[in-house]
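Everything below belongs to entry_15.cif, which stores mmCIF, C-alpha atoms.
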```
data_my_file
#
loop_
_atom_site.label_atom_id
_atom_site.label_comp_id
_atom_site.auth_asym_id
_atom_site.auth_seq_id
_atom_site.Cartn_x
_atom_site.Cartn_y
_atom_site.Cartn_z
CA MET A 1 49.26 0.62 -1.26
CA ALA A 2 47.62 1.08 2.12
CA ASN A 3 49.86 2.26 4.95
CA LYS A 4 49.72 -0.17 7.89
CA ASP A 5 50.25 2.50 10.52
CA GLU A 6 47.54 4.71 9.02
CA ASP A 7 45.20 1.72 8.83
CA LYS A 8 45.86 0.93 12.48
CA GLU A 9 45.04 4.48 13.53
CA THR A 10 41.94 4.60 11.32
CA LEU A 11 40.63 1.33 12.77
CA LYS A 12 41.22 2.69 16.26
CA GLU A 13 39.27 5.82 15.36
CA LEU A 14 36.42 3.84 13.79
CA ARG A 15 36.12 1.59 16.85
CA LYS A 16 35.90 4.65 19.06
CA ILE A 17 33.19 6.13 16.84
CA THR A 18 31.29 2.81 16.85
CA LYS A 19 31.06 2.85 20.63
CA ASN A 20 29.70 6.42 20.76
CA LYS A 21 26.37 6.05 18.96
CA GLU A 22 25.04 9.26 20.43
CA ASN A 23 27.61 11.17 18.39
CA TRP A 24 27.05 9.40 15.06
CA GLY A 25 24.99 12.20 13.56
CA GLY A 26 27.94 14.56 13.70
CA VAL A 27 30.63 12.28 12.25
CA ILE A 28 28.90 10.60 9.31
CA ASP A 29 30.65 12.84 6.79
CA ASP A 30 34.05 12.07 8.29
CA VAL A 31 33.43 8.32 8.18
CA ALA A 32 32.00 8.38 4.66
CA ASN A 33 34.92 10.39 3.29
CA LYS A 34 37.30 7.67 4.47
CA LEU A 35 35.67 5.29 2.00
CA ASN A 36 37.52 6.98 -0.86
CA GLU A 37 40.87 7.02 0.91
CA ASN A 38 43.59 4.44 0.33
CA HIS A 39 42.83 1.87 3.02
CA SER A 40 43.14 -1.89 3.38
CA VAL A 41 40.20 -4.24 2.82
CA ILE A 42 39.79 -4.64 6.59
CA VAL A 43 39.46 -0.90 7.14
CA LYS A 44 37.21 -0.37 4.13
CA ALA A 45 34.96 -3.21 5.30
CA LYS A 46 34.70 -1.59 8.74
CA ILE A 47 33.80 1.76 7.16
CA LEU A 48 31.03 0.14 5.11
CA TRP A 49 29.65 -1.70 8.12
CA LEU A 50 29.61 1.51 10.16
CA LEU A 51 27.94 3.48 7.36
CA GLY A 52 25.22 0.85 7.22
CA GLU A 53 24.54 1.12 10.94
CA MET A 54 24.64 4.90 10.76
CA GLY A 55 22.29 4.80 7.79
CA LEU A 56 19.79 2.78 9.78
CA ASN A 57 19.70 5.57 12.35
CA TYR A 58 20.34 8.60 10.12
CA PRO A 59 19.29 7.61 6.59
CA LYS A 60 19.05 11.11 5.17
CA GLN A 61 22.54 11.97 6.33
CA VAL A 62 24.08 9.06 4.43
CA GLU A 63 22.05 9.69 1.29
CA ALA A 64 24.88 11.55 -0.45
CA TYR A 65 27.20 8.57 0.05
CA ILE A 66 24.94 5.76 -1.11
CA ILE A 67 26.34 5.99 -4.64
CA ASP A 68 29.82 5.28 -3.20
CA ILE A 69 28.51 2.34 -1.20
CA ALA A 70 26.73 0.94 -4.27
CA PHE A 71 29.95 1.29 -6.28
CA CYS A 72 31.55 -1.13 -3.81
CA LEU A 73 29.14 -3.86 -4.96
CA GLU A 74 31.53 -4.32 -7.89
CA ASP A 75 34.73 -4.41 -5.83
CA GLU A 76 37.13 -7.27 -6.53
CA HIS A 77 37.26 -8.23 -2.84
CA PRO A 78 34.28 -10.31 -1.63
CA LYS A 79 34.47 -8.83 1.89
CA ILE A 80 33.88 -5.36 0.42
CA ARG A 81 30.96 -6.56 -1.71
CA GLU A 82 29.51 -8.34 1.33
CA ARG A 83 29.69 -5.26 3.54
CA ALA A 84 28.36 -3.00 0.77
CA VAL A 85 25.22 -5.05 0.21
CA ASN A 86 24.73 -5.32 3.98
CA ALA A 87 25.03 -1.55 4.34
CA LEU A 88 22.46 -0.93 1.61
CA GLY A 89 20.14 -3.34 3.37
CA ARG A 90 20.38 -1.45 6.65
CA ILE A 91 19.88 1.91 4.95
CA GLY A 92 16.98 0.49 2.94
CA ARG A 93 15.33 -0.73 6.12
CA ALA A 94 15.24 2.87 7.32
CA ASP A 95 14.20 4.45 4.00
CA LYS A 96 13.40 2.32 0.95
CA ASN A 97 13.46 5.33 -1.37
CA LEU A 98 17.18 5.76 -0.83
CA ILE A 99 18.04 2.31 -2.19
CA ILE A 100 15.36 1.87 -4.87
CA PRO A 101 17.66 3.37 -7.58
CA TYR A 102 20.16 0.61 -6.74
CA LEU A 103 17.72 -2.24 -6.21
CA ASP A 104 18.54 -3.97 -9.49
CA LYS A 105 22.22 -3.91 -8.61
CA ILE A 106 21.44 -5.30 -5.18
CA MET A 107 19.37 -8.11 -6.68
CA LYS A 108 22.28 -9.16 -8.89
CA MET A 109 24.30 -9.99 -5.78
CA ARG A 110 22.31 -13.19 -5.39
CA LYS A 111 24.53 -14.63 -8.13
CA ASP A 112 27.83 -13.58 -6.59
CA GLN A 113 30.47 -16.29 -6.57
CA ALA A 114 31.28 -15.68 -2.90
CA ASP A 115 29.07 -17.51 -0.40
CA ASP A 116 29.31 -14.68 2.15
CA VAL A 117 28.08 -12.15 -0.40
CA ARG A 118 25.03 -14.24 -1.27
CA LEU A 119 24.31 -14.67 2.43
CA ALA A 120 24.62 -10.91 2.94
CA PHE A 121 22.25 -10.42 0.02
CA VAL A 122 19.53 -12.43 1.77
CA TRP A 123 20.08 -10.53 5.02
CA ALA A 124 19.93 -7.21 3.17
CA CYS A 125 16.66 -8.13 1.48
CA GLU A 126 15.16 -9.19 4.81
CA ASN A 127 16.12 -5.81 6.24
CA ILE A 128 14.55 -3.92 3.34
CA ALA A 129 11.45 -6.14 3.26
CA THR A 130 10.78 -5.47 6.95
CA ASN A 131 9.42 -2.03 6.07
CA ALA A 132 9.06 -2.28 2.28
CA PRO A 133 7.79 -5.80 1.48
CA GLU A 134 6.13 -4.55 -1.71
CA LEU A 135 9.54 -4.38 -3.36
CA PHE A 136 9.82 -8.18 -3.27
CA CYS A 137 6.29 -9.41 -3.98
CA GLU A 138 7.18 -10.42 -7.53
CA ARG A 139 10.69 -11.58 -6.69
CA MET A 140 10.07 -14.51 -4.35
CA ASP A 141 11.06 -17.10 -6.94
CA LEU A 142 14.63 -15.89 -6.51
CA PHE A 143 14.59 -16.69 -2.81
CA TYR A 144 12.93 -20.05 -3.39
CA LYS A 145 15.87 -20.98 -5.63
CA MET A 146 18.26 -19.85 -2.91
CA ILE A 147 16.88 -22.49 -0.54
CA GLN A 148 18.70 -24.83 -2.91
CA ASP A 149 21.96 -22.83 -2.86
CA LYS A 150 25.28 -24.67 -2.76
CA CYS A 151 26.16 -22.90 0.51
CA VAL A 152 24.49 -24.31 3.63
CA ARG A 153 24.39 -20.93 5.38
CA VAL A 154 22.53 -19.39 2.43
CA ARG A 155 20.11 -22.31 2.42
CA ILE A 156 19.49 -21.81 6.13
CA GLU A 157 18.76 -18.09 5.74
CA ALA A 158 16.71 -18.10 2.51
CA PRO A 159 13.47 -19.40 4.13
CA GLU A 160 13.63 -16.49 6.56
CA MET A 161 12.78 -14.16 3.69
CA PHE A 162 9.51 -16.09 3.32
CA ARG A 163 8.87 -15.60 7.03
CA VAL A 164 9.44 -11.84 6.76
CA MET A 165 7.20 -11.60 3.72
CA GLY A 166 4.65 -14.02 5.11
CA LYS A 167 4.05 -11.70 8.04
CA ARG A 168 3.54 -8.68 5.79
CA LYS A 169 2.36 -9.89 2.37
CA PRO A 170 1.06 -13.42 3.04
CA GLN A 171 -0.94 -13.59 -0.18
CA TYR A 172 2.32 -13.58 -2.13
CA ILE A 173 3.74 -16.42 -0.05
CA LYS A 174 0.61 -18.56 -0.22
CA PRO A 175 1.61 -20.07 -3.62
CA TYR A 176 4.87 -21.25 -2.04
CA LEU A 177 3.42 -22.99 0.99
CA GLU A 178 3.42 -26.44 -0.59
CA LYS A 179 6.99 -26.00 -1.81
CA LEU A 180 8.10 -24.78 1.60
CA GLN A 181 6.36 -27.75 3.18
CA TRP A 182 8.55 -30.07 1.15
CA PHE A 183 11.65 -28.45 2.62
CA ALA A 184 10.11 -28.49 6.09
CA TYR A 185 9.64 -32.25 5.84
CA ASN A 186 12.49 -33.42 3.64
CA ASP A 187 15.51 -31.11 3.67
CA THR A 188 18.72 -32.69 4.87
CA HIS A 189 19.58 -29.77 7.15
CA PRO A 190 17.55 -29.41 10.38
CA VAL A 191 17.69 -25.59 10.44
CA VAL A 192 16.43 -25.36 6.86
CA ARG A 193 13.52 -27.56 7.95
CA ILE A 194 12.89 -25.39 11.03
CA HIS A 195 13.04 -22.10 9.12
CA SER A 196 10.81 -23.40 6.35
CA ALA A 197 8.26 -24.58 8.90
CA GLY A 198 8.44 -21.18 10.62
CA ALA A 199 7.74 -19.38 7.36
CA ILE A 200 4.71 -21.59 6.75
CA ARG A 201 3.41 -21.05 10.26
CA ILE A 202 3.63 -17.24 10.21
CA THR A 203 2.13 -17.06 6.72
CA LYS A 204 -0.85 -19.22 7.64
CA ARG A 205 -1.38 -17.30 10.85
CA THR A 206 -1.35 -13.95 9.04
CA LEU A 207 -3.69 -15.25 6.34
CA LYS A 208 -6.13 -16.44 8.99
CA GLU A 209 -5.97 -13.10 10.80
CA SER A 210 -6.76 -11.34 7.53
CA GLU A 211 -9.73 -13.63 6.91
CA ASP A 212 -11.03 -13.12 10.45
CA ASN A 213 -10.74 -9.35 10.11
CA ALA A 214 -12.61 -9.49 6.80
CA LYS A 215 -15.44 -11.39 8.47
CA ASP A 216 -15.65 -8.84 11.25
CA ASP A 217 -15.94 -6.05 8.68
#
```

Would you mind writing the structure in this file as structure tokens?
Amino acid sequence: MANKDEDKETLKELRKITKNKENWGGVIDDVANKLNENHSVIVKAKILWLLGEMGLNYPKQVEAYIIDIAFCLEDEHPKIRERAVNALGRIGRADKNLIIPYLDKIMKMRKDQADDVRLAFVWACENIATNAPELFCERMDLFYKMIQDKCVRVRIEAPEMFRVMGKRKPQYIKPYLEKLQWFAYNDTHPVVRIHSAGAIRITKRTLKESEDNAKDD
């Protein structure tokens, strides 16, 4: 059972660390070690969030703790699973090689029963795809299905993965343009329509730029 007074002090300490980004490199071990201590869900969630942000800035220094973060993907509390997948996304944005061993586990989070976890999954994949789009070239069907998710927030975010990929690997988004157009015209939610249209626009623009560059060559 977590001690409320200890939790209060730990949260105070973590908030202080969060504000002093210039010192993060020297306290990563201290923060990571707290993950295995007996803390409340609130504190553990804060630790995971902070490790993700630290991992974006100091990926190699969090490498030893990624296995602990990945273990949290199976936690009974959805807030912990949400923060764990988010943290892996931030770390993966900095260095894809650190999260590749856990990519299959990350991809399974798309089926999580908690809406917030599925939303965090999409965000995490967008983070990773920013610098490692090749990891998702053959996985876009999964995100197309998520545009039809039962949660509105997931449906709003899912087309953004097509925008991220469309800017980097447009040839893999080209087969989805007609499907995205349907959502851009017909979806019941205005933001889903806007995001779908944005994904189409950036993909077409990038494809045209590639064609123009090929002509110049």

* Hey, what comes out of the PyMOL selection byres ((chain A and resi 125) around 9) on this file? Could you write it as a PyMOL selection string? -> chain A and resi 86+89+92-93+106-107+120-124+126-130+136+161

* Evaluate the PyMOL selection byres ((chain A and resi 184-187) around 12) and record the selected residues as a VMD selection string, following the chain and residue labels used in the document. => chain A and resid 147 to 148 152 155 to 156 159 177 to 183 188 to 201

Surrounding residues of stretch 22-25 of chain A excluding itself and chain neighbours under 6 positions, 8 Å, all atoms listed in the file, as a PDB file with C-alpha atoms, in the frame of the given file:
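Final output, selection_25.pdb:
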```pdb
ATOM      1  CA  MET A  54      24.640   4.900  10.760  1.00  0.00           C
ATOM      2  CA  TYR A  58      20.340   8.600  10.120  1.00  0.00           C
ATOM      3  CA  GLN A  61      22.540  11.970   6.330  1.00  0.00           C
TER       4      GLN A  61
END
```

* Asked: the PyMOL selection byres ((chain A and resi 138) around 12) on the file shown: which residues, as a PyMOL selection string?
  -> chain A and resi 133-137+139-144+165+169+171-173+175

* For A:Gly55, list every protein, DNA or RNA residue within 9 Å, evaluated using all atoms listed in the file, and leave out those in the same chain fewer than 6 positions away; present the list as a VMD selection string. => chain A and resid 28 61 to 63 87 to 88 90 to 92 94 to 95

* Which is closer to A:Ile80 than all the others in A:Glu53, A:Asp116, A:Asp29, A:Glu209, using all atoms listed in the file? -> A:Asp116

* Asked: Once you count only C-alpha atoms, which residues end up no further than 9 Å from (34.5, 0.3, 4.1) in the file's frame, shown as a ChimeraX atom specification?
  -> /A:32,34-36,39-51,69,72,80,83-84

* To do: Quote the spacing between atom CA of A:Ala114 and atom CA of A:Glu82 in Å to one decimal place.
  =>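 These atoms are spaced 8.7 Å apart.
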
* Just give me the gap between atom CA of A:Ala158 and atom CA of A:Glu74 in Å, one decimal is fine. => 22.8 Å
